[in-house]
Every structure is written in structure tokens, then in C-alpha cells.
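Peer 1: Supplied in C-alpha cells, the structure appears directly below.
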Number of protein chains: 2
Amino acid sequence: MTEAAPTRPRRSDATRAAILRAARERFAADGYERATIRAIAAEARIDPSMVMRYYGSKEGLFAAAAEFDLRLPELTDVPPERLGELLVRHFLDRWENDETMAALLRTAATNPAAAERMRGICADQLGTAVARVAPDPAQAPRRAGLVASQILGLALTRYVLRLPPVADADPAELVAWVAPTIQRYLRGTPAA
Amino acid sequence: MTEAAPTRPRRSDATRAAILRAARERFAADGYERATIRAIAAEARIDPSMVMRYYGSKEGLFAAAAEFDLRLPELTDVPPERLGELLVRHFLDRWENDETMAALLRTAATNPAAAERMRGICADQLGTAVARVAPDPAQAPRRAGLVASQILGLALTRYVLRLPPVADADPAELVAWVAPTIQRYLRGTPAA
DNA sequence: CTGGAATGTCAACAACCGTTGGCATACGGT
DNA sequence: ACCGTATGCCAACGGTTGTTGACATTCCAG
């Protein structure tokens with residue numbers, strides 16, 4: 001492989017960061033197709049050709065801008081009956097001030113590569129976290145899928161579609177309503 | 001207003017219908033931006049300019065193609081404790097064979113007009129249906145929003161993102177897991 | 001039968017997109 | 001001080017898109 005050495009900082013790091021910040025903003029606001037490289041470059045106050053030089057292509061730029069970590073907390077040291085509450089609160093906190101999630105969701109709706117990344121995030125990050133607290137390892141993927149359906153549905157209605165009852169609701173109120181759902185998907189049974 | 005008379009059928013109705021069918025298919029598969037008028041016209045075996053003549057613009061075509069009725073059943077004559085099950089089963093049945101929902105969801109993620117229509121559907125069709133069975137009229141909009149977050153999340157993960165655990169699951173199994181969630185959003189309380 | 005309206009085809013326009021290569025400038029090690 | 005290299009801007013290319021107008025054809029009422 002190439003040297004993993006500390007790769008002395010390049011002089012253009014500031015530009016790269018500006019491009020990335022602008023890209024996240026435009027992708028989040030407009031989705032993949034409507035977010036043009038020209039608009040991103042304008043917002044970053046540089047020439048469109050710089051984007052190509054540093055990220056190769058629009059797809060490459062998106063891949064870099066959508067690098068995404070759910071930052072799931074350690075689930076094993078919390079009381080099992082409070083897992084649902086913890087998770088819902090965590091996601092709301094996480095996304096209220098980081099629009100990367102909205103960008104990824106908007107783009108994944110139409111861009112196959114983004115959808116694949118979304119599947120990867122759910123399977124890897126969420127999947128393994130759920131597997132650690134699910135009572136039945138064999139059912140863990142299904143439980144993770146159900147959790148994703150509710151959590152992503154919440155993100156979709158609140159941040160992308162902005163359905164008034166969900167978008168205007170107080171976070172604490174959403175937690176109170178949704179936490180029991182997640183709790184049951186994680187540890188409960190279908191019937192009960 | 002213009003005569004609401006039975007407007008004798010035009011000779012071009014077949015073409016109009018073909019365009020609409022092709023448009024639904026392309027919008028569902030590709031989303032608004034990637035679904036080009038040329039591709040839609042090709043699939044309908046006609047000239048792109050016909051689309052413009054009959055629907056005015058691409059936005060007009062989408063507005064016609066996304067005309068959407070949830071076809072919610074009458075909720076007042078079913079046992080109140082089975083409302084959740086009924087609703088989840090209905091939506092899965094409805095969407096398993098009609099890709100209009102996937103088209104609307106894909107497009108609403110990036111197109112403001114489609115998002116507005118989505119809000120309208122939730123507020124009007126779902127909102128009024130929920131208001132009729134909610135125990136507390138004042139809380140009806142919130143309950144409808146929560147139902148939407150779970151139902152749309154299910155549609156998103158199953159039909160758009162195609163998360164394997166959700167996309168491959170048996171409909172009956174999904175009903176068993178999700179119905180209690182909807183039931184609680186409709187008639188229950190946050191805590192319990 | 002006839003003339004006007006409805007239907008359909010063809011070619012083109014203007015705008016925008018991602019992407020490329022050339023050229024100027026400023027940096028930084030030697 | 002020098003020179004290779006990194007950084008940045010500019011102009012342009014080829015392709016695609018929504019949209020338009022002119023022209024051909026078919027239908028149908030009178």
C-alpha cells in the first residue's frame with residue numbers, strides 16, 4: 001500500500017475542506033442531480049475545475065461528502081429497558097445539527113451508489129450494534145431493519161418532507177412517542 | 001367555469017394514458033430529474049413534443065402522474081383494537097403492486113412540488129381518517145404524523161432503499177411487527 | 001365532399017451540465 | 001537565486017435536457 005505516514009499537510013487542505021462543506025450543504029438542500037458542481041464551487045469560492053482535480057468526479061465528491069458515521073454509543077452498558085429511549089434521543093441529537101443525513105437520504109432516493117452506501121451503513125453500523133443487544137442473534141438483522149424503518153421514517157418526515165406535525169414537534173415529545181417502538185423492535189416480540 | 005359536461009372522449013385518450021403509464025414507470029424507477037421526457041416518450045412510443053402538448057411541461061406531467069389516492073378503507077366500522085393491523089396490511093397490499101408510491105417518494109425527496117403534494121396527502125387523506133378514530137381530536141394531527149413516519153419509513157426502506165431485511169421480509173411478518181406500533185400511535189399513549 | 005381541427009413527426013434552439021487542457025502564479029526545498 | 005511542483009483561473013468541448021415551431025397526416029362535422 002502507499003505509505004500510511006503522517007502525509008505532511010498539503011497547502012490546499014483549506015480549499016478541500018471548503019469544497020466538502022459546500023458540497024454537503026448543496027447535496028443536503030438539493031439532492032444529487034440538482035446540486036451542480038458549478039454551484040458547489042461557487043459556494044466554496046473556487047473554480048469548478050478544482051473540484052475535479054481534488055475529487056476526480058462528481059461521484060467521487062459525493063462519496064467523500066457522504067462519509068458518514070452514526071456515532072452509535074456503546075449499547076451494552078445501559079439498562080436494557082432504556083435502549084429505545086437512548087437510541088431515539090441519540091439520533092435526534094445527532095441529526096438536528098448535521099445535515100449530512102438529510103443529504104444522504106435525499107440522494108439515496110435516486111442515486112444507486114448512495115442507496116448502496118445507505119444499505120451498508122444500516123447493515124454494518126446499525127446491524128452490529130443491534131446484534132449486540134438483541135435477545136436472539138438469528139433475528140438481529142430483522143430487528144435492525146425494523147429499527148431502520150422507524151428511524152429513517154422519522155428522519156424522512158422531519159428533515160426531508162417536513163411534515164408539519166413531525167417537523168414542528170418538540171424532540172422530547174418525539175422521543176416519548178417513538179422510544180417504545182424502538183424498544184419493542186430491539187427486545188420485544190411482534191404480538192405483544 | 002368551463003362546462004363540467006361529460007366532455008366527449010377525445011381520440012387521443014389512448015396516447016395520453018400511454019404517456020401517463022410510461023411517466024409513472026420512469027418516475028418510479030429514476031426519480032424526477034433522471035426521468036427524462038425523451039425516455040418517457042420513447043417508452044410510450046410517441047414523440048417527446050406530444051408530452052409537452054398534452055401536459056404542458058415536465059412539472060405538469062408529473063403532477064398528473066402523481067395523482068394519488070391512498071384508498072383508505074372506512075376505519076369507523078372495524079374493531080378499534082384492530083386498526084393498526086388493518087392499516088399496515090392495507091398499505092402493503094396497496095403498494096406491492098402500484099409503483100406510484102415509490103415514484104412519489106423518490107421524487108418528493110428532491111422536488112419541492114412533490115414534497116408539497118406528499119404533505120397534502122398526509123394532511124388530507126391520512127389526517128382526516130386518523131381524526132375519525134383518534135380518542136382525542138386535539139392530538140389527531142400528531143398521531144397522523146407519527147403514523148406517517150412509520151408507514152413512510154416502511155415504504156422507504158422496502159421499496160426505495162431496498163434494505164434486505166425489510167425488502168425480503170414476508171408481508172405478513174411485517175404486519176405482525178409494525179401493526180402494534182401503528183395501533184399505539186392511533187389510540188395509545190407515549191409512555192405505555 | 002370539403003375544410004378546419006385534432007393528432008403526430010421532425011428538426012432545431014438555447015441553456016445547462018460534467019469534464020478537460022492550457023496557462024498564469026506562488027510556494028518551498030535545494 | 002533557482003526550478004520543479006502545487007495551486008488556481010479561464011475558456012472551451014461534447015453531450016443532454018426541456019421546450020418550441022413548422023410541417024405532414026388523419027379524423028370528423030357540415
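Following the order of the C-alpha cells, first chain is A, next is B, and so on, with residues numbered from 1 inside each chain and ligands from 1 in the order they appear.
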Give the residues of chain D that lie within 8 Å of chain A; count only C-alpha atoms (C1' of nucleotides), and format the answer as a PDB file with N, CA and C atoms (P, O5', C5', C4', C3', O3' and C1' of nucleotides), in the first residue's frame.

Peer 2:
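Once written, result.pdb looks like this:
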```
ATOM      1  P    DT D   7      -1.551  21.455  -3.425  1.00  0.00           P
ATOM      2  O5'  DT D   7      -2.145  22.775  -4.072  1.00  0.00           O
ATOM      3  C5'  DT D   7      -1.755  24.044  -3.557  1.00  0.00           C
ATOM      4  C4'  DT D   7      -2.222  25.150  -4.467  1.00  0.00           C
ATOM      5  C3'  DT D   7      -3.739  25.184  -4.733  1.00  0.00           C
ATOM      6  O3'  DT D   7      -4.277  26.337  -4.101  1.00  0.00           O
ATOM      7  C1'  DT D   7      -2.454  25.642  -6.683  1.00  0.00           C
ATOM      8  P    DG D   8      -5.885  26.480  -3.968  1.00  0.00           P
ATOM      9  O5'  DG D   8      -6.287  27.234  -5.307  1.00  0.00           O
ATOM     10  C5'  DG D   8      -5.894  28.592  -5.471  1.00  0.00           C
ATOM     11  C4'  DG D   8      -6.058  29.019  -6.913  1.00  0.00           C
ATOM     12  C3'  DG D   8      -7.472  28.869  -7.481  1.00  0.00           C
ATOM     13  O3'  DG D   8      -8.118  30.146  -7.497  1.00  0.00           O
ATOM     14  C1'  DG D   8      -5.748  28.335  -9.066  1.00  0.00           C
ATOM     15  P    DC D   9      -9.581  30.296  -8.084  1.00  0.00           P
ATOM     16  O5'  DC D   9      -9.291  30.761  -9.583  1.00  0.00           O
ATOM     17  C5'  DC D   9      -8.435  31.858  -9.832  1.00  0.00           C
ATOM     18  C4'  DC D   9      -8.318  32.098 -11.321  1.00  0.00           C
ATOM     19  C3'  DC D   9      -9.657  32.207 -12.048  1.00  0.00           C
ATOM     20  O3'  DC D   9      -9.635  33.348 -12.888  1.00  0.00           O
ATOM     21  C1'  DC D   9      -8.306  30.521 -13.066  1.00  0.00           C
TER      22       DC D   9
END
```

Peer 1: I'd like the neighbourhood of DA14 (chain C) as a PyMOL selection string, where a residue qualifies if any of its atoms comes within 12 Å (using only C-alpha atoms (C1' of nucleotides)), though same-chain residues fewer than 2 positions away should be ignored.

Peer 2: (chain C and resi 12+16) or (chain D and resi 17-20)

Peer 1: Pull C-alpha atoms (C1' of nucleotides) from the residues just selected and write them as a PDB file, in the first residue's frame.

Peer 2:
```
ATOM      1  C1'  DA C  12     -33.760  22.687 -34.124  1.00  0.00           C
ATOM      2  C1'  DC C  16     -27.047  23.845 -18.741  1.00  0.00           C
TER       3       DC C  16
ATOM      4  C1'  DT D  17     -32.144  18.456 -21.426  1.00  0.00           C
ATOM      5  C1'  DG D  18     -36.736  20.863 -21.685  1.00  0.00           C
ATOM      6  C1'  DT D  19     -39.057  23.224 -24.937  1.00  0.00           C
ATOM      7  C1'  DT D  20     -40.686  25.262 -29.418  1.00  0.00           C
TER       8       DT D  20
END
```

Peer 1: Quick one: everything within 12 Å of DA11 (chain D), counting only C-alpha atoms (C1' of nucleotides), minus sequence neighbours fewer than 4 positions away in the same chain. Send it as a VMD selection string.

Peer 2: (chain A and resid 49) or (chain C and resid 20 to 23)

Peer 1: Taking only C-alpha atoms into account and nothing else, which residues of chain A lie no more than 6 Å away from chain B? Please answer as a ChimeraX atom specification.

Peer 2: /A:30-31,106,109-110,115,119,142,145,149-150,152-154,157,161,163,165-166,176-177,190

Peer 1: DSSP says alpha helix (DSSP H) for which residues of chain B? Put them as a VMD selection string?

Peer 2: chain B and resid 13 to 34 37 to 43 48 to 55 58 to 65 83 to 96 100 to 108 112 to 121 127 to 133 140 to 155 164 to 167 171 to 187
